[in-house]
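Down below is the structure, laid out as structure tokens.
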Amino acid sequence: MNVMTETRPPLVSVRGLDVAFAMGRNAWFTAVDGIDLDVGQGEAVGLVGESGCGKTVTALALMGLLPELGCRAQAGAAVFAGREFSVRPGYGPNGLARGRDVSMVFQDALAALDPVFTIGAQLVEAIRVYEDCTKDVAREAAIAALVRVGIPDPESRMRAYPHHLSGGMRQRVMIAMALLHKPRLLIADEPTTALDVTIQAQVLSLVDRLRRESGMSILFITHDLGIVGQLTDRVVVMYAGMIAEAGPTERVLARPQHPYTIGLLLSMPGMHGRAGRLAAIPGRVPSPAEFASIPGCRFAPRCLRADECCRSEVPPLSEVAGGWVACHHPGGGADA
Amino acid sequence: MLEVANLVKRFPVRGGVFRKPLAWVHAVSDVSFALGQRESLGLVGESGSGKTTIGRCLVRMEEPSSGKIRIEGVDLAALDAKALKPWRRRVQYVFQDPYSALNPRMKVGSIVGEGLSVHTSLSRDEIRGRVERLLVDVGLSEEALGKYPHEFSGGQRQRIAIARALILDPELLVLDEPVSALDVSVQAQILNLLADIREQRSLATILISHNLAVVRQVTDRTAVLYLGRIVEIGPTAGVLDTPRHPYTASLVASVPEAGRPVTPALEGEIPSNITPPPGCAFHPRCPRARQGVCDRSLPELAGDAGHQVACHFPLG
């Protein structure tokens with residue numbers, strides 16, 4: 001199924017990705033259930049969903065960062081720039097050069113950086129993974145990387161430990177580290193949720209600028225549809241381990257087709273005029289352990305359009321309005 | 001109903017052998033505002049702006065360093081613990097994180113009913129009846145009474161926390177980021193619940209939030225804080241649609257929205273609360289700052305009674 005219509009050949013293409021985690025003895029729950037994902041050359045794709053929808057797990061599968069123990073993963077096909085790679089759990093080689101092919105920026109920079117080494121030591125180490133150079137040369141390159149992400153006074157920051165820096169600065173350091181080897185795909189997992197709005201705007205514009213300068217592709221994981229609208233070309237909306245809707249960002253936000261996407265947009269309070277009562281989605285987000293107990297469409301228990309068909313049959317992703325929607329009764333999302 | 005006058009809260013930074021205060025964190029500096037009955041005020045700002053400290057001072061979880069917190073003319077900041085007790089039931093607090101705010105070893109019935117057993121002489125059955133009714137009011141079922149917090153989702157836990165705050169029929173409810181820990185689709189449910197509560201009960205609310213859209217949805221008036229001071233206060237729509245302080249304007253411009261270019265509205269970061277910049281604390285980041293004025297003198301809140309701004313060169 002060619003879910004993502006793209007004229008250029010995609011940089012990354014994954015078909016039928018399944019990821020399951022162990023829950024007690026011989027019991028598994030499926031966190032990601034057969035999703036297809038493409039990211040084109042130079043494209044920015046938003047991966048949107050609420051907690052437990054599988055967006056981070058999808059990213060970890062691409063990075064080869066799924067834990068070896070208690071995790072199963074497979075894909076029908078996983079291709080990066082024409083060559084196959086593996087989504088198998090375990091941190092060993094997966095066919096992708098981490099840092100060169102794919103890099104990742106994590107949500108919590110304080111947890112992602114090593115607290116006992118200086119920023120400089122960590123950058124120098126990361127540089128020398130691929131580049132056979134002296135520490136002095138690597139040091140110069142590290143300073144240049146900090147300059148590129150707009151860190152003031154980079155030479156003294158090299159000697160700082162992660163806890164010395166503010167949240168925004170730490171996030172910049174992580175971005176600098178992720179971009180050291182000019183990756184072709186940057187995965188950004190909620191890089192700004194822990195930041196204040198004015199700092200968030202700084203970091204987002206930095207990411208956007210670096211992407212335009214380098215022509216890299218971005219997979220931007222977030223729950224904020226405002227960020228998706230600002231930064232991405234295409235959006236993939238996930239719900240309960242499956243893709244609910246995918247398509248060009250502008251179209252999906254203006255005319256969403258899946259009731260979940262419509263509900264998400266309507267439940268967000270707006271910045272222009274008070275909306276009166278918000279159209280909340282009833283119920284709550286199911287946890288991955290509950291996915292299997294929902295027959296049919298996983299959104300059906302919370303969906304106002306759900307009928308018998310929805311409660312018994314899983315809707316396939318089908319082409320609607322220039323995008324892809326997994327719903328038995330799609331459409332109807334006027335400007336939300 | 002509530003009047004806060006010249007509220008100041010400083011925290012000592014201690015060090016050395018004798019744990020002497022080496023410096024002071026100026027969390028809240030000279031904050032004054034008033035709140036009418038049934039009115040809802042939003043406190044907006046980034047981390048370090050002092051919004052949570054103000055909320056905590058209102059319920060005396062923090063002792064104000066100086067200033068007055070008056071309800072019906074009585075200064076709560078000056079009361080001792082015993083004299084404060086009857087006032088405690090009139091001001092209640094809802095915390096940000098519904099996971100850590102509820103005691104995991106207590107059943108929901110005891111969590112919500114505890115206030116009644118402390119403040120009233122109602123019998124167990126009467127307390128039980130009231131708790132049951134309130135749980136239904138906040139959108140839970142009566143069976144919730146006998147369950148433990150871990151059996152509930154984040155949104156349901158926040159409903160429990162709201163029920164606990166409402167059981168004593170407070171006149172003022174302080175809500176500290178009540179939806180920021182929740183999933184987007186559940187946030188709307190809680191915001192609607194808060195709107196219902198305001199409609200059904202005679203209750204003033206203070207909403208502490210960094211999310212301008214949430215503040216817009218829930219509040220009548222908004223105070224924008226920067227480094228412990230109110231920089232702008234007025235009707236929510238006025239403050240957010242036609243901000244007069246450059247900081248408010250850049251906060252509004254920083255909210256990510258489709259179709260808006262990603263350009264940062266502000267450079268730099270919030271300065272340290274230990275050594276706030278002289279003059280207007282915002283001047284090092286302010287595009288309108290003028291040397292010799294903004295870095296020297298502290299602007300006072302001024303403007304017509306409704307919409308006030310603390311800026312030497314306000315917008316509009």
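Here, A, B, ... name the chains of the structure tokens in the order displayed, residue numbers run from 1 inside each chain, and ligands are numbered from 1 in the same displayed order.
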
Compile the contact shell of Pro259 in chain A as a PyMOL selection string: residues with an atom at most 12 Å away, counting only C-alpha atoms, same-chain residues fewer than 2 positions apart removed.
chain A and resi 237+239+244-245+252+255-257+261-267+279-281+297-306+325-334+336

Would you save the residues from that selection as a JSON list (two decimals), in the first residue's frame, using C-alpha atoms?
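Final output, saved to again_24.json:
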[["chain", "number", "residue", "atom", "x", "y", "z"],
["A", 237, "VAL", "CA", -1.95, 11.16, 12.82],
["A", 239, "TYR", "CA", -4.19, 6.62, 17.38],
["A", 244, "ALA", "CA", -5.76, 7.25, 11.64],
["A", 245, "GLU", "CA", -5.07, 9.81, 8.97],
["A", 252, "VAL", "CA", -5.39, 17.73, 7.03],
["A", 255, "ARG", "CA", -10.23, 19.69, 6.19],
["A", 256, "PRO", "CA", -9.60, 16.71, 8.47],
["A", 257, "GLN", "CA", -11.38, 13.53, 7.44],
["A", 261, "THR", "CA", -8.34, 14.31, 13.81],
["A", 262, "ILE", "CA", -11.49, 16.43, 13.77],
["A", 263, "GLY", "CA", -11.94, 15.83, 17.49],
["A", 264, "LEU", "CA", -8.34, 16.75, 18.27],
["A", 265, "LEU", "CA", -8.63, 20.03, 16.38],
["A", 266, "LEU", "CA", -11.96, 20.92, 17.95],
["A", 267, "SER", "CA", -10.83, 20.07, 21.47],
["A", 279, "ALA", "CA", -16.03, 19.82, 21.75],
["A", 280, "ALA", "CA", -14.19, 17.34, 23.92],
["A", 281, "ILE", "CA", -13.63, 13.77, 22.79],
["A", 297, "CYS", "CA", -11.79, 0.47, 14.87],
["A", 298, "ARG", "CA", -9.83, 1.39, 17.98],
["A", 299, "PHE", "CA", -11.34, 4.85, 18.05],
["A", 300, "ALA", "CA", -14.90, 3.48, 17.91],
["A", 301, "PRO", "CA", -15.49, 3.51, 21.71],
["A", 302, "ARG", "CA", -14.95, 7.29, 21.71],
["A", 303, "CYS", "CA", -16.38, 8.07, 18.29],
["A", 304, "LEU", "CA", -19.77, 9.70, 17.74],
["A", 305, "ARG", "CA", -20.02, 8.22, 14.26],
["A", 306, "ALA", "CA", -19.34, 4.63, 15.32],
["A", 325, "VAL", "CA", -7.83, 7.85, 6.19],
["A", 326, "ALA", "CA", -8.61, 4.74, 8.21],
["A", 327, "CYS", "CA", -12.30, 5.22, 8.88],
["A", 328, "HIS", "CA", -15.56, 3.63, 7.79],
["A", 329, "HIS", "CA", -17.30, 7.01, 7.79],
["A", 330, "PRO", "CA", -14.68, 9.59, 6.83],
["A", 331, "GLY", "CA", -15.13, 13.19, 5.87],
["A", 332, "GLY", "CA", -17.04, 16.15, 7.09],
["A", 333, "GLY", "CA", -14.26, 18.07, 8.78],
["A", 334, "ALA", "CA", -14.93, 21.63, 7.74],
["A", 336, "ALA", "CA", -12.02, 23.39, 12.44]]

| task | With a cut-off of 10 Å and counting only C-alpha atoms, select all residues of chain B in contact with chain A and give the selection as a ChimeraX atom specification. | result | /B:45-47,153-156,182-193,195-196,210-219,236-237,240-241,247,250-270

Residue selection dump (C-alpha atoms) as a PDB file, in the first residue's frame:
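Below is the file result.pdb, written as the result:
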ATOM      1  CA  GLY B  45       4.105  33.628  32.479  1.00  0.00           C
ATOM      2  CA  GLU B  46       7.060  31.425  31.770  1.00  0.00           C
ATOM      3  CA  SER B  47       9.016  29.385  34.290  1.00  0.00           C
ATOM      4  CA  SER B 153      -6.603   7.702  34.246  1.00  0.00           C
ATOM      5  CA  GLY B 154      -4.970  11.123  34.404  1.00  0.00           C
ATOM      6  CA  GLY B 155      -8.142  12.958  33.451  1.00  0.00           C
ATOM      7  CA  GLN B 156     -10.206  11.084  36.032  1.00  0.00           C
ATOM      8  CA  LEU B 182      -3.215  15.618  30.424  1.00  0.00           C
ATOM      9  CA  ASP B 183      -3.627  14.375  26.875  1.00  0.00           C
ATOM     10  CA  VAL B 184      -5.005  16.943  24.449  1.00  0.00           C
ATOM     11  CA  SER B 185      -8.290  15.119  23.922  1.00  0.00           C
ATOM     12  CA  VAL B 186      -8.825  14.917  27.695  1.00  0.00           C
ATOM     13  CA  GLN B 187      -7.788  18.523  28.405  1.00  0.00           C
ATOM     14  CA  ALA B 188     -10.973  19.753  26.760  1.00  0.00           C
ATOM     15  CA  GLN B 189     -13.095  17.604  29.097  1.00  0.00           C
ATOM     16  CA  ILE B 190     -11.482  19.145  32.173  1.00  0.00           C
ATOM     17  CA  LEU B 191     -11.739  22.681  30.763  1.00  0.00           C
ATOM     18  CA  ASN B 192     -15.444  22.098  30.144  1.00  0.00           C
ATOM     19  CA  LEU B 193     -15.832  20.752  33.676  1.00  0.00           C
ATOM     20  CA  ALA B 195     -16.559  26.037  33.000  1.00  0.00           C
ATOM     21  CA  ASP B 196     -19.545  24.086  34.415  1.00  0.00           C
ATOM     22  CA  HIS B 210       1.690  28.975  30.637  1.00  0.00           C
ATOM     23  CA  ASN B 211      -0.828  28.059  27.942  1.00  0.00           C
ATOM     24  CA  LEU B 212      -2.411  31.214  26.586  1.00  0.00           C
ATOM     25  CA  ALA B 213      -5.163  29.340  24.763  1.00  0.00           C
ATOM     26  CA  VAL B 214      -6.236  27.657  28.022  1.00  0.00           C
ATOM     27  CA  VAL B 215      -6.234  30.997  29.838  1.00  0.00           C
ATOM     28  CA  ARG B 216      -8.293  32.515  27.058  1.00  0.00           C
ATOM     29  CA  GLN B 217     -10.808  29.695  27.325  1.00  0.00           C
ATOM     30  CA  VAL B 218     -11.306  29.862  31.082  1.00  0.00           C
ATOM     31  CA  THR B 219     -10.636  33.358  32.433  1.00  0.00           C
ATOM     32  CA  THR B 236      -8.330  38.438  28.905  1.00  0.00           C
ATOM     33  CA  ALA B 237      -9.490  39.228  25.377  1.00  0.00           C
ATOM     34  CA  LEU B 240      -4.262  38.688  24.365  1.00  0.00           C
ATOM     35  CA  ASP B 241      -5.718  40.419  21.292  1.00  0.00           C
ATOM     36  CA  TYR B 247       6.552  40.893  26.531  1.00  0.00           C
ATOM     37  CA  SER B 250       5.979  38.292  22.116  1.00  0.00           C
ATOM     38  CA  LEU B 251       4.337  35.611  24.257  1.00  0.00           C
ATOM     39  CA  VAL B 252       1.283  35.749  22.017  1.00  0.00           C
ATOM     40  CA  ALA B 253       3.455  35.724  18.900  1.00  0.00           C
ATOM     41  CA  SER B 254       5.371  32.681  20.154  1.00  0.00           C
ATOM     42  CA  VAL B 255       2.352  30.378  20.223  1.00  0.00           C
ATOM     43  CA  PRO B 256       2.863  27.930  17.361  1.00  0.00           C
ATOM     44  CA  GLU B 257       0.063  28.198  14.856  1.00  0.00           C
ATOM     45  CA  ALA B 258      -0.394  26.895  11.342  1.00  0.00           C
ATOM     46  CA  GLY B 259       0.273  29.491   8.696  1.00  0.00           C
ATOM     47  CA  ARG B 260       2.450  31.630  10.916  1.00  0.00           C
ATOM     48  CA  PRO B 261       6.166  31.755  10.079  1.00  0.00           C
ATOM     49  CA  VAL B 262       8.519  30.214  12.613  1.00  0.00           C
ATOM     50  CA  THR B 263      10.430  33.260  13.702  1.00  0.00           C
ATOM     51  CA  PRO B 264      11.312  33.685  17.336  1.00  0.00           C
ATOM     52  CA  ALA B 265       9.585  36.703  18.808  1.00  0.00           C
ATOM     53  CA  LEU B 266      12.217  37.089  21.492  1.00  0.00           C
ATOM     54  CA  GLU B 267      15.927  36.465  21.737  1.00  0.00           C
ATOM     55  CA  GLY B 268      17.693  35.407  24.890  1.00  0.00           C
ATOM     56  CA  GLU B 269      16.290  33.802  28.008  1.00  0.00           C
ATOM     57  CA  ILE B 270      14.665  34.855  31.239  1.00  0.00           C
TER      58      ILE B 270
END

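Closest approach to Met242 in chain A among A:Leu113, A:Ala194, A:Met104, A:Val32: A:Val32, based on only C-alpha atoms.
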
Can you check which residues of range 50-184 of chain B DSSP gives as strand (DSSP E or B) on the backbone and send them as a JSON list (two decimals) with all heavy atoms, in the first residue's frame?
[["chain", "number", "residue", "atom", "x", "y", "z"],
["B", 66, "SER", "N", 6.48, 39.51, 52.57],
["B", 66, "SER", "CA", 5.72, 40.67, 53.03],
["B", 66, "SER", "C", 4.54, 40.85, 52.12],
["B", 66, "SER", "O", 4.41, 40.17, 51.10],
["B", 66, "SER", "CB", 6.61, 41.92, 53.05],
["B", 66, "SER", "OG", 6.91, 42.31, 51.74],
["B", 67, "GLY", "N", 3.66, 41.78, 52.49],
["B", 67, "GLY", "CA", 2.48, 42.02, 51.68],
["B", 67, "GLY", "C", 1.23, 41.49, 52.36],
["B", 67, "GLY", "O", 1.31, 40.83, 53.40],
["B", 68, "LYS", "N", 0.12, 41.81, 51.76],
["B", 68, "LYS", "CA", -1.16, 41.44, 52.36],
["B", 68, "LYS", "C", -1.99, 40.60, 51.40],
["B", 68, "LYS", "O", -1.97, 40.82, 50.20],
["B", 68, "LYS", "CB", -1.94, 42.71, 52.72],
["B", 68, "LYS", "CG", -1.32, 43.48, 53.87],
["B", 68, "LYS", "CD", -2.21, 44.65, 54.25],
["B", 68, "LYS", "CE", -1.79, 45.32, 55.55],
["B", 68, "LYS", "NZ", -0.35, 45.32, 55.83],
["B", 69, "ILE", "N", -2.71, 39.63, 51.98],
["B", 69, "ILE", "CA", -3.66, 38.84, 51.21],
["B", 69, "ILE", "C", -4.98, 38.97, 51.96],
["B", 69, "ILE", "O", -5.16, 38.37, 53.01],
["B", 69, "ILE", "CB", -3.23, 37.37, 51.14],
["B", 69, "ILE", "CG1", -1.88, 37.23, 50.43],
["B", 69, "ILE", "CG2", -4.30, 36.53, 50.44],
["B", 69, "ILE", "CD1", -1.24, 35.89, 50.59],
["B", 70, "ARG", "N", -5.88, 39.80, 51.44],
["B", 70, "ARG", "CA", -7.10, 40.09, 52.19],
["B", 70, "ARG", "C", -8.31, 39.41, 51.58],
["B", 70, "ARG", "O", -8.52, 39.46, 50.37],
["B", 70, "ARG", "CB", -7.36, 41.60, 52.23],
["B", 70, "ARG", "CG", -6.58, 42.31, 53.29],
["B", 70, "ARG", "CD", -7.15, 43.70, 53.51],
["B", 70, "ARG", "NE", -6.05, 44.64, 53.72],
["B", 70, "ARG", "CZ", -5.59, 45.46, 52.80],
["B", 70, "ARG", "NH1", -6.14, 45.51, 51.61],
["B", 70, "ARG", "NH2", -4.57, 46.24, 53.07],
["B", 71, "ILE", "N", -9.09, 38.76, 52.44],
["B", 71, "ILE", "CA", -10.40, 38.30, 52.04],
["B", 71, "ILE", "C", -11.39, 38.88, 53.04],
["B", 71, "ILE", "O", -11.18, 38.76, 54.25],
["B", 71, "ILE", "CB", -10.49, 36.76, 52.05],
["B", 71, "ILE", "CG1", -9.59, 36.18, 50.96],
["B", 71, "ILE", "CG2", -11.93, 36.30, 51.83],
["B", 71, "ILE", "CD1", -9.65, 34.69, 50.81],
["B", 74, "VAL", "N", -9.93, 40.73, 55.97],
["B", 74, "VAL", "CA", -9.02, 40.08, 56.91],
["B", 74, "VAL", "C", -7.73, 39.70, 56.18],
["B", 74, "VAL", "O", -7.79, 39.09, 55.11],
["B", 74, "VAL", "CB", -9.68, 38.82, 57.51],
["B", 74, "VAL", "CG1", -8.73, 38.11, 58.45],
["B", 74, "VAL", "CG2", -10.97, 39.19, 58.21],
["B", 75, "ASP", "N", -6.61, 40.04, 56.78],
["B", 75, "ASP", "CA", -5.33, 39.74, 56.14],
["B", 75, "ASP", "C", -4.88, 38.33, 56.48],
["B", 75, "ASP", "O", -4.41, 38.05, 57.58],
["B", 75, "ASP", "CB", -4.29, 40.77, 56.59],
["B", 75, "ASP", "CG", -2.95, 40.51, 55.93],
["B", 75, "ASP", "OD1", -2.91, 39.73, 54.95],
["B", 75, "ASP", "OD2", -1.95, 41.10, 56.37],
["B", 91, "VAL", "N", -10.46, 28.78, 50.69],
["B", 91, "VAL", "CA", -9.54, 28.86, 49.55],
["B", 91, "VAL", "C", -8.96, 27.47, 49.31],
["B", 91, "VAL", "O", -8.35, 26.90, 50.20],
["B", 91, "VAL", "CB", -8.39, 29.85, 49.84],
["B", 91, "VAL", "CG1", -7.55, 30.04, 48.58],
["B", 91, "VAL", "CG2", -8.92, 31.17, 50.33],
["B", 92, "GLN", "N", -9.19, 26.91, 48.14],
["B", 92, "GLN", "CA", -8.70, 25.56, 47.87],
["B", 92, "GLN", "C", -7.83, 25.53, 46.62],
["B", 92, "GLN", "O", -7.87, 26.46, 45.80],
["B", 92, "GLN", "CB", -9.88, 24.59, 47.71],
["B", 92, "GLN", "CG", -10.61, 24.31, 49.01],
["B", 92, "GLN", "CD", -9.80, 23.42, 49.94],
["B", 92, "GLN", "OE1", -9.21, 22.44, 49.50],
["B", 92, "GLN", "NE2", -9.77, 23.76, 51.21],
["B", 93, "TYR", "N", -7.05, 24.46, 46.49],
["B", 93, "TYR", "CA", -5.98, 24.42, 45.49],
["B", 93, "TYR", "C", -6.06, 23.13, 44.69],
["B", 93, "TYR", "O", -6.31, 22.06, 45.26],
["B", 93, "TYR", "CB", -4.65, 24.47, 46.24],
["B", 93, "TYR", "CG", -3.46, 24.93, 45.44],
["B", 93, "TYR", "CD1", -3.12, 26.28, 45.40],
["B", 93, "TYR", "CD2", -2.64, 24.03, 44.78],
["B", 93, "TYR", "CE1", -2.01, 26.72, 44.70],
["B", 93, "TYR", "CE2", -1.52, 24.46, 44.08],
["B", 93, "TYR", "CZ", -1.22, 25.81, 44.04],
["B", 93, "TYR", "OH", -0.12, 26.25, 43.35],
["B", 94, "VAL", "N", -5.86, 23.22, 43.39],
["B", 94, "VAL", "CA", -5.77, 22.02, 42.54],
["B", 94, "VAL", "C", -4.39, 22.02, 41.90],
["B", 94, "VAL", "O", -3.98, 23.01, 41.29],
["B", 94, "VAL", "CB", -6.86, 22.02, 41.44],
["B", 94, "VAL", "CG1", -6.67, 20.84, 40.49],
["B", 94, "VAL", "CG2", -8.24, 21.96, 42.07],
["B", 172, "LEU", "N", -12.85, 30.54, 46.77],
["B", 172, "LEU", "CA", -11.78, 30.78, 45.81],
["B", 172, "LEU", "C", -11.07, 29.46, 45.51],
["B", 172, "LEU", "O", -10.72, 28.72, 46.42],
["B", 172, "LEU", "CB", -10.77, 31.79, 46.38],
["B", 172, "LEU", "CG", -9.50, 32.01, 45.56],
["B", 172, "LEU", "CD1", -9.81, 32.62, 44.21],
["B", 172, "LEU", "CD2", -8.52, 32.91, 46.30],
["B", 173, "LEU", "N", -10.91, 29.18, 44.23],
["B", 173, "LEU", "CA", -10.23, 27.96, 43.80],
["B", 173, "LEU", "C", -8.98, 28.38, 43.03],
["B", 173, "LEU", "O", -9.08, 29.15, 42.08],
["B", 173, "LEU", "CB", -11.18, 27.17, 42.91],
["B", 173, "LEU", "CG", -10.83, 25.74, 42.54],
["B", 173, "LEU", "CD1", -10.72, 24.88, 43.79],
["B", 173, "LEU", "CD2", -11.92, 25.17, 41.63],
["B", 174, "VAL", "N", -7.83, 27.89, 43.49],
["B", 174, "VAL", "CA", -6.59, 28.18, 42.77],
["B", 174, "VAL", "C", -6.23, 26.95, 41.96],
["B", 174, "VAL", "O", -6.05, 25.87, 42.51],
["B", 174, "VAL", "CB", -5.45, 28.53, 43.75],
["B", 174, "VAL", "CG1", -4.19, 28.88, 42.97],
["B", 174, "VAL", "CG2", -5.85, 29.67, 44.66],
["B", 175, "LEU", "N", -6.14, 27.11, 40.64],
["B", 175, "LEU", "CA", -5.86, 25.98, 39.75],
["B", 175, "LEU", "C", -4.47, 26.16, 39.16],
["B", 175, "LEU", "O", -4.24, 27.09, 38.40],
["B", 175, "LEU", "CB", -6.90, 25.93, 38.62],
["B", 175, "LEU", "CG", -8.35, 25.82, 39.07],
["B", 175, "LEU", "CD1", -9.26, 26.53, 38.09],
["B", 175, "LEU", "CD2", -8.74, 24.36, 39.21],
["B", 176, "ASP", "N", -3.55, 25.28, 39.54],
["B", 176, "ASP", "CA", -2.18, 25.42, 39.07],
["B", 176, "ASP", "C", -1.95, 24.49, 37.88],
["B", 176, "ASP", "O", -1.78, 23.29, 38.06],
["B", 176, "ASP", "CB", -1.22, 25.09, 40.22],
["B", 176, "ASP", "CG", 0.23, 25.41, 39.86],
["B", 176, "ASP", "OD1", 0.47, 25.83, 38.72],
["B", 176, "ASP", "OD2", 1.10, 25.23, 40.72]]

For range 114-120 of chain A, please output as JSON, numbers by chain all residues within 10 Å (counting only C-alpha atoms; exclusion window: fewer than 6 positions along the same chain).
-> {"A": [126, 138, 139, 142, 143, 146, 154, 155, 156, 157, 158, 159, 160, 161, 162, 163, 164, 165, 170, 173, 174, 177]}

Kindly save the residues from that selection, with N, CA, C and O atoms included, as a compact mmCIF listing (two decimals), in the first residue's frame.
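Written file, result32.txt:
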# COMPACT_ATOMS: atom_id res chain seq x y z
N ALA A 126 31.52 12.31 20.17
CA ALA A 126 30.59 12.02 19.08
C ALA A 126 31.23 12.28 17.73
O ALA A 126 30.99 11.55 16.77
N ALA A 138 38.82 18.04 16.57
CA ALA A 138 37.45 17.75 16.95
C ALA A 138 36.89 18.87 17.82
O ALA A 138 35.72 19.23 17.71
N ARG A 139 37.75 19.44 18.66
CA ARG A 139 37.32 20.53 19.52
C ARG A 139 36.86 21.73 18.69
O ARG A 139 35.82 22.33 18.96
N ALA A 142 33.62 20.98 17.24
CA ALA A 142 32.55 21.03 18.25
C ALA A 142 32.13 22.47 18.50
O ALA A 142 30.94 22.78 18.60
N ILE A 143 33.13 23.37 18.59
CA ILE A 143 32.80 24.79 18.80
C ILE A 143 31.99 25.32 17.62
O ILE A 143 30.98 26.02 17.80
N LEU A 146 28.46 24.30 17.94
CA LEU A 146 27.71 25.09 18.93
C LEU A 146 27.35 26.47 18.35
O LEU A 146 26.27 27.00 18.63
N PRO A 154 30.48 29.98 22.94
CA PRO A 154 30.59 28.51 22.84
C PRO A 154 31.83 27.95 23.53
O PRO A 154 31.79 26.85 24.06
N GLU A 155 32.93 28.74 23.54
CA GLU A 155 34.14 28.17 24.12
C GLU A 155 33.98 27.88 25.60
O GLU A 155 34.44 26.84 26.09
N SER A 156 33.31 28.76 26.34
CA SER A 156 33.14 28.47 27.76
C SER A 156 32.05 27.40 27.96
O SER A 156 32.10 26.63 28.92
N ARG A 157 31.08 27.34 27.05
CA ARG A 157 30.05 26.30 27.16
C ARG A 157 30.63 24.90 26.98
O ARG A 157 30.08 23.93 27.47
N MET A 158 31.74 24.81 26.25
CA MET A 158 32.38 23.51 26.06
C MET A 158 32.80 22.90 27.40
O MET A 158 32.81 21.69 27.57
N ARG A 159 33.15 23.77 28.34
CA ARG A 159 33.61 23.28 29.64
C ARG A 159 32.47 23.07 30.62
O ARG A 159 32.68 22.63 31.74
N ALA A 160 31.24 23.41 30.22
CA ALA A 160 30.10 23.31 31.13
C ALA A 160 29.56 21.88 31.16
O ALA A 160 29.69 21.13 30.20
N TYR A 161 28.96 21.54 32.28
CA TYR A 161 28.25 20.26 32.40
C TYR A 161 26.78 20.49 32.06
O TYR A 161 26.29 21.62 32.20
N PRO A 162 26.07 19.44 31.64
CA PRO A 162 24.69 19.65 31.21
C PRO A 162 23.84 20.42 32.23
O PRO A 162 23.04 21.27 31.86
N HIS A 163 24.04 20.13 33.53
CA HIS A 163 23.17 20.81 34.51
C HIS A 163 23.48 22.29 34.64
O HIS A 163 22.71 23.02 35.27
N HIS A 164 24.60 22.73 34.10
CA HIS A 164 24.90 24.16 34.14
C HIS A 164 24.05 24.96 33.16
O HIS A 164 23.94 26.17 33.29
N LEU A 165 23.52 24.29 32.16
CA LEU A 165 22.84 25.00 31.08
C LEU A 165 21.34 25.05 31.32
O LEU A 165 20.78 24.19 31.99
N ARG A 170 20.39 23.39 26.60
CA ARG A 170 20.63 21.94 26.53
C ARG A 170 20.04 21.37 25.25
O ARG A 170 20.62 20.52 24.59
N VAL A 173 22.24 22.12 22.46
CA VAL A 173 23.42 21.25 22.46
C VAL A 173 23.06 19.91 21.85
O VAL A 173 23.79 19.36 21.02
N MET A 174 21.88 19.39 22.22
CA MET A 174 21.49 18.09 21.68
C MET A 174 21.28 18.16 20.17
O MET A 174 21.62 17.24 19.45
N MET A 177 24.61 18.18 18.57
CA MET A 177 25.20 16.85 18.59
C MET A 177 24.56 15.96 17.52
O MET A 177 25.24 15.22 16.82

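Between CA of Arg285 in chain B and CA of His312 in chain B there is a distance of 14.5 Å.
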
Cys57 in chain B: which residues within 9 Å, counting only C-alpha atoms, same-chain residues fewer than 3 positions away excluded, as a PDB file with C-alpha atoms, in the first residue's frame?
ATOM      1  CA  LEU B   7       2.971  40.624  47.830  1.00  0.00           C
ATOM      2  CA  LYS B   9       8.232  36.335  48.323  1.00  0.00           C
ATOM      3  CA  THR B  52       3.003  29.340  41.039  1.00  0.00           C
ATOM      4  CA  THR B  53       4.577  31.041  44.050  1.00  0.00           C
ATOM      5  CA  ILE B  54       1.732  33.565  44.095  1.00  0.00           C
ATOM      6  CA  ARG B  60      -0.220  29.770  52.684  1.00  0.00           C
ATOM      7  CA  MET B  61       1.714  26.785  51.382  1.00  0.00           C
ATOM      8  CA  GLU B  62       4.423  29.435  51.191  1.00  0.00           C
ATOM      9  CA  GLU B  63       4.729  32.169  53.777  1.00  0.00           C
ATOM     10  CA  PRO B  64       4.795  35.541  52.010  1.00  0.00           C
ATOM     11  CA  ILE B  69      -3.665  38.840  51.214  1.00  0.00           C
ATOM     12  CA  ALA B  77      -0.911  36.600  55.540  1.00  0.00           C
TER      13      ALA B  77
END

Applying 8 Å and only C-alpha atoms, which residues near Leu140 in chain B remain after dropping the ones on its own chain fewer than 3 positions away? List them as a CSV table (one decimal) with N, CA and C atoms, in the first residue's frame.
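Result file part28.csv:
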chain,number,residue,atom,x,y,z
B,135,LEU,N,-18.8,13.5,43.5
B,135,LEU,CA,-18.1,12.7,42.5
B,135,LEU,C,-18.9,12.6,41.2
B,136,VAL,N,-20.2,12.5,41.3
B,136,VAL,CA,-21.1,12.4,40.2
B,136,VAL,C,-21.1,13.8,39.5
B,137,ASP,N,-21.1,14.9,40.3
B,137,ASP,CA,-21.1,16.2,39.7
B,137,ASP,C,-19.8,16.4,38.8
B,144,ALA,N,-16.5,5.1,42.4
B,144,ALA,CA,-15.2,5.6,42.5
B,144,ALA,C,-14.7,5.7,43.9
B,156,GLN,N,-9.3,11.4,34.9
B,156,GLN,CA,-10.2,11.1,36.0
B,156,GLN,C,-9.6,11.5,37.4
B,159,ARG,N,-10.2,15.0,38.0
B,159,ARG,CA,-11.6,15.2,38.4
B,159,ARG,C,-11.6,14.9,39.9

field: Contact residues around range 20-26 of chain B with only C-alpha atoms at 9 Å, ignoring same-chain residues under 5 positions, as an MDAnalysis selection string
entry: chainID B and resid 8:15 50 227:228 272:276
